[in-house]
Structure formats: structure tokens, C-alpha cells
>>> print(open('model06.cif').read())   # mmCIF, C-alpha atoms and all ligand atoms
data_entry
#
loop_
_atom_site.label_atom_id
_atom_site.label_comp_id
_atom_site.auth_asym_id
_atom_site.auth_seq_id
_atom_site.Cartn_x
_atom_site.Cartn_y
_atom_site.Cartn_z
CA MET A 44 8.40 -107.50 25.47
CA THR A 45 9.02 -106.86 29.15
CA ALA A 46 6.99 -109.63 30.80
CA LEU A 47 5.96 -112.92 29.26
CA GLY A 48 3.18 -115.12 30.63
CA VAL A 49 4.36 -118.73 30.58
CA PHE A 50 1.96 -121.66 30.88
CA CYS A 51 3.44 -125.14 31.21
CA GLY A 52 2.99 -128.52 32.81
CA SER A 53 2.99 -129.12 36.52
CA SER A 54 4.57 -132.46 35.50
CA PRO A 55 8.05 -132.91 33.99
CA GLY A 56 6.94 -135.09 31.05
CA ASN A 57 8.78 -138.22 29.97
CA GLY A 58 12.52 -138.27 29.48
CA THR A 59 14.61 -135.14 29.84
CA ALA A 60 13.74 -133.22 26.65
CA TYR A 61 10.89 -131.23 28.19
CA ILE A 62 12.72 -130.29 31.37
CA ASP A 63 15.81 -129.36 29.35
CA ALA A 64 13.70 -127.15 27.08
CA ALA A 65 12.02 -125.45 30.07
CA ARG A 66 15.41 -124.73 31.64
CA ALA A 67 16.73 -123.34 28.35
CA VAL A 68 13.68 -121.05 28.06
CA GLY A 69 14.17 -119.84 31.64
CA ARG A 70 17.83 -119.05 31.01
CA ASP A 71 17.13 -117.40 27.66
CA LEU A 72 14.38 -115.16 29.01
CA ALA A 73 16.61 -114.12 31.92
CA ARG A 74 19.41 -113.31 29.49
CA ARG A 75 17.04 -111.18 27.40
CA GLY A 76 15.82 -109.32 30.49
CA ILE A 77 12.26 -110.59 29.99
CA GLU A 78 10.34 -111.17 33.22
CA ILE A 79 8.53 -114.50 33.54
CA VAL A 80 4.97 -114.45 34.85
CA TYR A 81 3.82 -117.98 35.63
CA GLY A 82 1.69 -120.08 37.96
CA GLY A 83 4.08 -119.87 40.91
CA GLY A 84 4.64 -123.59 41.44
CA ARG A 85 7.84 -125.48 42.18
CA VAL A 86 6.78 -128.69 40.42
CA GLY A 87 7.28 -130.03 36.88
CA LEU A 88 8.20 -127.73 34.02
CA MET A 89 6.84 -124.81 36.05
CA GLY A 90 9.55 -125.25 38.68
CA ALA A 91 12.24 -125.96 36.09
CA ILE A 92 11.69 -122.76 34.15
CA ALA A 93 11.52 -120.63 37.30
CA ASP A 94 14.65 -122.15 38.83
CA ALA A 95 16.66 -121.74 35.63
CA ALA A 96 15.59 -118.12 35.16
CA LEU A 97 16.35 -117.21 38.77
CA ALA A 98 19.74 -118.93 38.63
CA ALA A 99 20.54 -116.83 35.54
CA GLY A 100 19.60 -113.63 37.37
CA GLY A 101 16.15 -113.22 35.82
CA ARG A 102 12.97 -111.83 37.32
CA VAL A 103 10.19 -114.36 37.97
CA THR A 104 6.70 -113.54 39.23
CA GLY A 105 4.30 -116.27 40.34
CA VAL A 106 0.51 -116.11 40.64
CA ILE A 107 -0.98 -118.95 42.66
CA PRO A 108 -4.36 -119.52 44.30
CA ARG A 109 -4.18 -119.89 48.08
CA TRP A 110 -5.53 -123.46 48.05
CA LEU A 111 -2.86 -124.54 45.55
CA VAL A 112 0.06 -123.14 47.54
CA GLU A 113 0.71 -126.49 49.20
CA ARG A 114 -0.43 -128.80 46.39
CA GLU A 115 1.72 -127.25 43.68
CA ILE A 116 4.34 -126.38 46.31
CA ALA A 117 4.55 -122.63 45.80
CA HIS A 118 8.04 -121.51 44.89
CA THR A 119 9.49 -119.60 47.84
CA GLY A 120 12.43 -118.00 46.04
CA LEU A 121 10.60 -115.93 43.45
CA SER A 122 11.11 -112.23 42.78
CA MET A 123 7.39 -111.82 43.56
CA LEU A 124 4.58 -114.23 44.48
CA HIS A 125 0.96 -113.11 44.24
CA VAL A 126 -1.35 -115.36 46.26
CA VAL A 127 -4.86 -115.00 44.83
CA GLU A 128 -8.24 -116.44 45.78
CA ASN A 129 -9.03 -118.69 42.82
CA LEU A 130 -8.07 -119.86 39.32
CA HIS A 131 -10.02 -117.05 37.66
CA GLU A 132 -8.02 -114.47 39.56
CA ARG A 133 -4.81 -116.29 38.65
CA LYS A 134 -5.56 -116.02 34.95
CA SER A 135 -6.70 -112.42 35.03
CA LYS A 136 -3.70 -111.37 37.13
CA MET A 137 -1.33 -113.14 34.75
CA ALA A 138 -3.10 -111.53 31.79
CA GLU A 139 -2.73 -108.11 33.40
CA LEU A 140 0.99 -108.53 34.12
CA ALA A 141 2.11 -110.15 30.84
CA SER A 142 2.39 -108.62 27.40
CA GLY A 143 2.30 -111.96 25.57
CA PHE A 144 1.78 -115.65 26.35
CA VAL A 145 3.81 -118.76 25.62
CA ALA A 146 2.80 -122.33 26.38
CA LEU A 147 5.36 -125.06 26.84
CA PRO A 148 4.24 -128.68 26.89
CA GLY A 149 1.70 -129.44 29.58
CA ALA A 150 -1.72 -130.95 30.10
CA ALA A 151 -5.27 -129.72 30.60
CA GLY A 152 -4.28 -126.78 32.83
CA THR A 153 -1.76 -125.51 30.31
CA LEU A 154 -4.23 -125.69 27.42
CA GLU A 155 -7.06 -124.20 29.48
CA GLU A 156 -4.96 -121.19 30.44
CA MET A 157 -3.70 -120.66 26.89
CA PHE A 158 -7.08 -121.16 25.26
CA GLU A 159 -8.58 -118.57 27.56
CA GLN A 160 -5.98 -116.01 26.45
CA TRP A 161 -6.53 -116.98 22.81
CA THR A 162 -10.31 -116.59 23.10
CA TRP A 163 -9.91 -113.28 24.95
CA ALA A 164 -7.69 -112.06 22.10
CA GLN A 165 -10.31 -113.15 19.54
CA LEU A 166 -12.94 -111.18 21.41
CA GLY A 167 -10.69 -108.11 21.60
CA ILE A 168 -10.39 -108.19 25.40
CA HIS A 169 -6.64 -107.86 24.82
CA GLU A 170 -4.34 -107.75 21.79
CA LYS A 171 -1.44 -109.78 23.17
CA PRO A 172 0.25 -112.55 21.12
CA CYS A 173 -0.10 -116.23 22.03
CA GLY A 174 2.44 -118.89 21.03
CA PHE A 175 3.21 -122.55 21.61
CA LEU A 176 6.82 -123.64 22.02
CA ASN A 177 6.61 -126.85 20.04
CA VAL A 178 9.19 -128.97 21.87
CA ASN A 179 9.51 -132.45 20.34
CA GLY A 180 6.51 -131.81 18.06
CA TYR A 181 4.34 -132.06 21.19
CA PHE A 182 1.83 -129.52 19.88
CA ASP A 183 1.61 -130.85 16.28
CA PRO A 184 -1.83 -132.45 16.90
CA LEU A 185 -3.07 -129.18 18.42
CA GLU A 186 -1.88 -127.18 15.42
CA ALA A 187 -3.66 -129.68 13.18
CA MET A 188 -6.81 -129.34 15.31
CA THR A 189 -6.84 -125.56 14.94
CA MET A 190 -6.58 -125.99 11.15
CA ARG A 191 -9.44 -128.46 11.30
CA MET A 192 -11.57 -125.84 13.08
CA VAL A 193 -11.06 -123.70 9.97
CA THR A 194 -11.50 -126.37 7.29
CA GLU A 195 -14.70 -127.60 8.96
CA GLY A 196 -16.14 -124.08 9.01
CA PHE A 197 -16.03 -123.38 12.75
CA MET A 198 -13.44 -120.61 12.72
CA GLN A 199 -12.00 -118.02 10.36
CA SER A 200 -8.39 -118.62 9.37
CA SER A 201 -7.40 -115.23 10.83
CA TYR A 202 -8.19 -116.59 14.31
CA ALA A 203 -6.29 -119.83 13.78
CA ASN A 204 -3.35 -117.80 12.49
CA MET A 205 -3.25 -115.83 15.73
CA LEU A 206 -1.60 -118.84 17.38
CA ILE A 207 2.12 -118.99 16.68
CA PHE A 208 3.68 -122.46 16.74
CA SER A 209 7.46 -122.77 16.73
CA PRO A 210 10.11 -125.09 18.16
CA ASP A 211 12.39 -122.11 18.73
CA LEU A 212 11.97 -119.42 21.41
CA ALA A 213 13.94 -116.78 19.48
CA ASP A 214 11.66 -117.32 16.48
CA LEU A 215 8.53 -117.11 18.68
CA LEU A 216 9.69 -113.85 20.23
CA ALA A 217 10.58 -112.37 16.84
CA ARG A 218 7.10 -113.25 15.57
CA PHE A 219 5.57 -111.77 18.75
CA ALA A 220 7.34 -108.50 17.94
CA ASP A 221 5.69 -108.48 14.48
CA TYR A 222 2.30 -109.64 15.74
CA GLN A 223 -0.73 -107.86 14.31
CA PRO A 224 -4.00 -108.69 16.09
CA PRO A 225 -6.85 -109.69 13.77
CA GLN A 226 -10.09 -107.82 13.55
CA ARG A 227 -12.00 -108.63 16.73
CA LYS A 228 -14.67 -111.28 16.44
CA TRP A 229 -17.62 -109.11 17.38
CA THR A 230 -17.89 -105.46 16.48
CA ASP A 231 -19.67 -102.88 18.58
CA SER A 232 -22.81 -103.50 16.52
CA GLY A 233 -22.74 -107.05 17.91
CA LYS A 234 -22.23 -108.63 14.46
CA PRO A 235 -19.17 -110.73 13.61
P1 LIG B 1 -1.19 -128.97 33.79
O1 LIG B 1 -0.83 -128.53 32.41
O2 LIG B 1 -2.53 -129.69 33.84
O3 LIG B 1 -0.10 -129.71 34.48
O4 LIG B 1 -1.46 -127.64 34.65
C1 LIG B 1 -0.57 -126.56 34.57
C2 LIG B 1 -1.04 -125.47 35.50
O5 LIG B 1 -2.34 -125.03 35.13
C3 LIG B 1 -1.13 -125.85 36.98
O6 LIG B 1 -0.53 -124.80 37.73
C4 LIG B 1 -2.63 -125.84 37.23
O7 LIG B 1 -2.92 -125.45 38.57
C5 LIG B 1 -3.10 -124.77 36.29
N1 LIG B 1 -4.53 -124.79 36.01
C6 LIG B 1 -5.33 -125.86 35.80
N2 LIG B 1 -6.59 -125.47 35.52
C7 LIG B 1 -6.60 -124.10 35.58
C8 LIG B 1 -7.60 -123.09 35.41
N3 LIG B 1 -8.86 -123.40 35.11
N4 LIG B 1 -7.22 -121.80 35.54
C9 LIG B 1 -5.94 -121.47 35.86
N5 LIG B 1 -4.95 -122.36 36.03
C10 LIG B 1 -5.28 -123.67 35.89
#
>>> encode(input="model06.cif", output="C-alpha cells")
Amino acid sequence: MTALGVFCGSSPGNGTAYIDAARAVGRDLARRGIEIVYGGGRVGLMGAIADAALAAGGRVTGVIPRWLVEREIAHTGLSMLHVVENLHERKSKMAELASGFVALPGAAGTLEEMFEQWTWAQLGIHEKPCGFLNVNGYFDPLEAMTMRMVTEGFMQSSYANMLIFSPDLADLLARFADYQPPQRKWTDSGKP
């Protein structure tokens, strides 16, 4: 893994656990020589992970839409900042640059970005692993929801199993290294 796409909250969350976890991830990725590709902001967990990685000598690339530069306060000290035209370009640029995706706790934006990568992987648009760093059990209800999609007959278990949930970054990265993409959802004949 050379570059990891990281999606996370533009808010810090309550208490210090989430910020502490984001800083630890930033430091750990820098130490492993893994570049961070993220949304380019200086706020919330986004800023925390970038600052920690940069302070530890890591490489951090941001991708931010022009109109969000001031709202999310674009980070000015990054190794590279791509200013793009809109949110669609942000996600496709991040997808192009990263070889896997991790979500830390966040809100609608975090889930939207991650779910897009997950659905793209289901459709065979890419074969990159997707994981949730389950800090504080934050993503437990989401993991349960993905299982419910399967038990209620809306999704095959192989697609639910694509998502890796773990409280530990080292474990997530090890499972990324072993990741085998499932059979894509639609074959060339157009049938699932
Ligand atoms: P949140 O988890 O809601 O705090 O948002 C985290 C990040 O996701 C922020 O940088 C948002 O700008 C970003 N975001 C929200 N919606 C989208 C979207 N549709 N496409 C790309 N990024 C988004």
C-alpha cells in the first residue's frame, strides 16, 4: 500500500478519543511510509490526521473543491493540494490516487464518500479494499446494518464482507494486504 484514501469527519467528535485516534493514525501511516490522500481540510478529524502525519514526516495529499477551500479551511501545509471543481471530481481524484480506503468516524460526508467507493468496488469499477476504523465502537450500528442488508435479502454476503471493520489500524492494513475482491456484481452479459 503506497497511498491510502482516508475519509473522516470535518468535526472532532465528542471528547478526545476521536481526535486522539486520528492523530495516532496520521503518525502510524507516516511511520509506515504510506501517503495519506484525504479531503484537504484543516478542520475536525481531517485536520488532526493531516497535522499528525506531517509532523511525523509523512506525505499528505489533499483534494478539495474550490468552493470548499474557505469553508473547510484548506490545509496550507500539505505535501500536495489538488483544488478541483466539485465533489464528484474530489471523489474520483481520491479514488485514482489511493490504493485502498479507510473511514474514521465522521458524519454524512464520510459515509457518502466511503459508500461510493464500496459500491464502485461491487460494480468492478475498481478492486481496492475499503475499511472502517471502528474507534469506540462508533461503526457498530453500521456493521449491523450491512448484515441486515444480507439477512433481509438485499445484498449477497460477499458484498457485505468486502467491508473490513476493525478497531486497529495495523489489523486493517494487514487485512487490506490479503484482500480478495469478490466477483463483480454485474457480468459483461449484464446479469448478476
Ligand atoms: P462529514 O463526515 O459530514 O463531516 O464530512 C466529511 C467530508 O466529506 C467533508 O470534507 C465534506 O466536504 C465531504 N463530503 C460531504 N459530502 C460529499 C460528497 N457528496 N462528495 C465528496 N465529499 C463529500
>>> atom_distance(input="model06.cif", atom1="atom CA of Trp161 of chain A", atom2="atom CA of Gly87 of chain A")
23.6 Å
>>> atom_distance(input="model06.cif", atom1="atom CA of Ala99 of chain A", atom2="atom CA of Gly48 of chain A")
18.1 Å
>>> residues_around(input="model06.cif", residues="Cys173 of chain A", least_positions_apart="6", cutoff="6 Å", atoms="all atoms listed in the file", output="PDB file with C-alpha atoms, keeping the file's coordinate frame")
ATOM      1  CA  PHE A 144       1.780-115.650  26.350  1.00  0.00           C
ATOM      2  CA  VAL A 145       3.810-118.760  25.620  1.00  0.00           C
ATOM      3  CA  LEU A 206      -1.600-118.840  17.380  1.00  0.00           C
TER       4      LEU A 206
END
>>> closest_residue(input="model06.cif", among="A:Ala213, A:Thr194, A:Gly120, A:Lys228", to="Gly167 of chain A", atoms="all atoms listed in the file")
A:Lys228
>>> atom_distance(input="model06.cif", atom1="atom CA of Ser122 of chain A", atom2="atom CA of Ala46 of chain A")
12.9 Å
>>> closest_residue(input="model06.cif", among="A:Asn177, A:Asn57, A:Ser142, A:Gln165", to="Gln226 of chain A", atoms="only C-alpha atoms")
A:Gln165
>>> closest_residue(input="model06.cif", among="A:Pro172, A:Pro224, A:Pro55, A:Pro210", to="ligand LIG 1 (chain B)", atoms="all atoms listed in the file")
A:Pro55
>>> build_atoms(input="model06.cif", residues="segment 72-89 of chain A", atoms="N, CA and C atoms", output="mmCIF file, in the coordinates of the input")
data_model
loop_
_atom_site.group_PDB
_atom_site.id
_atom_site.type_symbol
_atom_site.label_atom_id
_atom_site.label_comp_id
_atom_site.auth_asym_id
_atom_site.auth_seq_id
_atom_site.Cartn_x
_atom_site.Cartn_y
_atom_site.Cartn_z
ATOM 1 N N LEU A 72 15.191 -116.330 28.661
ATOM 2 C CA LEU A 72 14.380 -115.160 29.010
ATOM 3 C C LEU A 72 15.123 -114.273 30.005
ATOM 4 N N ALA A 73 15.822 -114.899 30.945
ATOM 5 C CA ALA A 73 16.610 -114.120 31.920
ATOM 6 C C ALA A 73 17.680 -113.315 31.174
ATOM 7 N N ARG A 74 18.340 -113.961 30.242
ATOM 8 C CA ARG A 74 19.410 -113.310 29.490
ATOM 9 C C ARG A 74 18.876 -112.115 28.678
ATOM 10 N N ARG A 75 17.647 -112.264 28.196
ATOM 11 C CA ARG A 75 17.040 -111.180 27.400
ATOM 12 C C ARG A 75 16.408 -110.101 28.273
ATOM 13 N N GLY A 76 16.421 -110.315 29.585
ATOM 14 C CA GLY A 76 15.820 -109.320 30.490
ATOM 15 C C GLY A 76 14.305 -109.334 30.451
ATOM 16 N N ILE A 77 13.725 -110.471 30.038
ATOM 17 C CA ILE A 77 12.260 -110.590 29.990
ATOM 18 C C ILE A 77 11.785 -111.280 31.267
ATOM 19 N N GLU A 78 10.897 -110.601 31.994
ATOM 20 C CA GLU A 78 10.340 -111.170 33.220
ATOM 21 C C GLU A 78 9.396 -112.332 32.887
ATOM 22 N N ILE A 79 9.454 -113.366 33.696
ATOM 23 C CA ILE A 79 8.530 -114.500 33.540
ATOM 24 C C ILE A 79 7.376 -114.323 34.520
ATOM 25 N N VAL A 80 6.157 -114.426 33.997
ATOM 26 C CA VAL A 80 4.970 -114.450 34.850
ATOM 27 C C VAL A 80 4.374 -115.839 34.684
ATOM 28 N N TYR A 81 4.295 -116.600 35.764
ATOM 29 C CA TYR A 81 3.820 -117.980 35.630
ATOM 30 C C TYR A 81 3.005 -118.367 36.857
ATOM 31 N N GLY A 82 2.614 -119.628 36.932
ATOM 32 C CA GLY A 82 1.690 -120.080 37.960
ATOM 33 C C GLY A 82 2.232 -120.183 39.369
ATOM 34 N N GLY A 83 3.523 -119.961 39.551
ATOM 35 C CA GLY A 83 4.080 -119.870 40.910
ATOM 36 C C GLY A 83 4.457 -121.184 41.566
ATOM 37 N N GLY A 84 4.345 -122.297 40.824
ATOM 38 C CA GLY A 84 4.640 -123.590 41.440
ATOM 39 C C GLY A 84 6.119 -123.972 41.353
ATOM 40 N N ARG A 85 6.457 -125.007 42.156
ATOM 41 C CA ARG A 85 7.840 -125.480 42.180
ATOM 42 C C ARG A 85 7.938 -126.862 41.532
ATOM 43 N N VAL A 86 6.812 -127.329 40.943
ATOM 44 C CA VAL A 86 6.780 -128.690 40.420
ATOM 45 C C VAL A 86 6.852 -128.685 38.884
ATOM 46 N N GLY A 87 7.300 -129.812 38.326
ATOM 47 C CA GLY A 87 7.280 -130.030 36.880
ATOM 48 C C GLY A 87 8.043 -128.981 36.090
ATOM 49 N N LEU A 88 7.534 -128.720 34.881
ATOM 50 C CA LEU A 88 8.200 -127.730 34.020
ATOM 51 C C LEU A 88 8.093 -126.342 34.627
ATOM 52 N N MET A 89 7.028 -126.130 35.420
ATOM 53 C CA MET A 89 6.840 -124.810 36.050
ATOM 54 C C MET A 89 8.045 -124.491 36.947
#
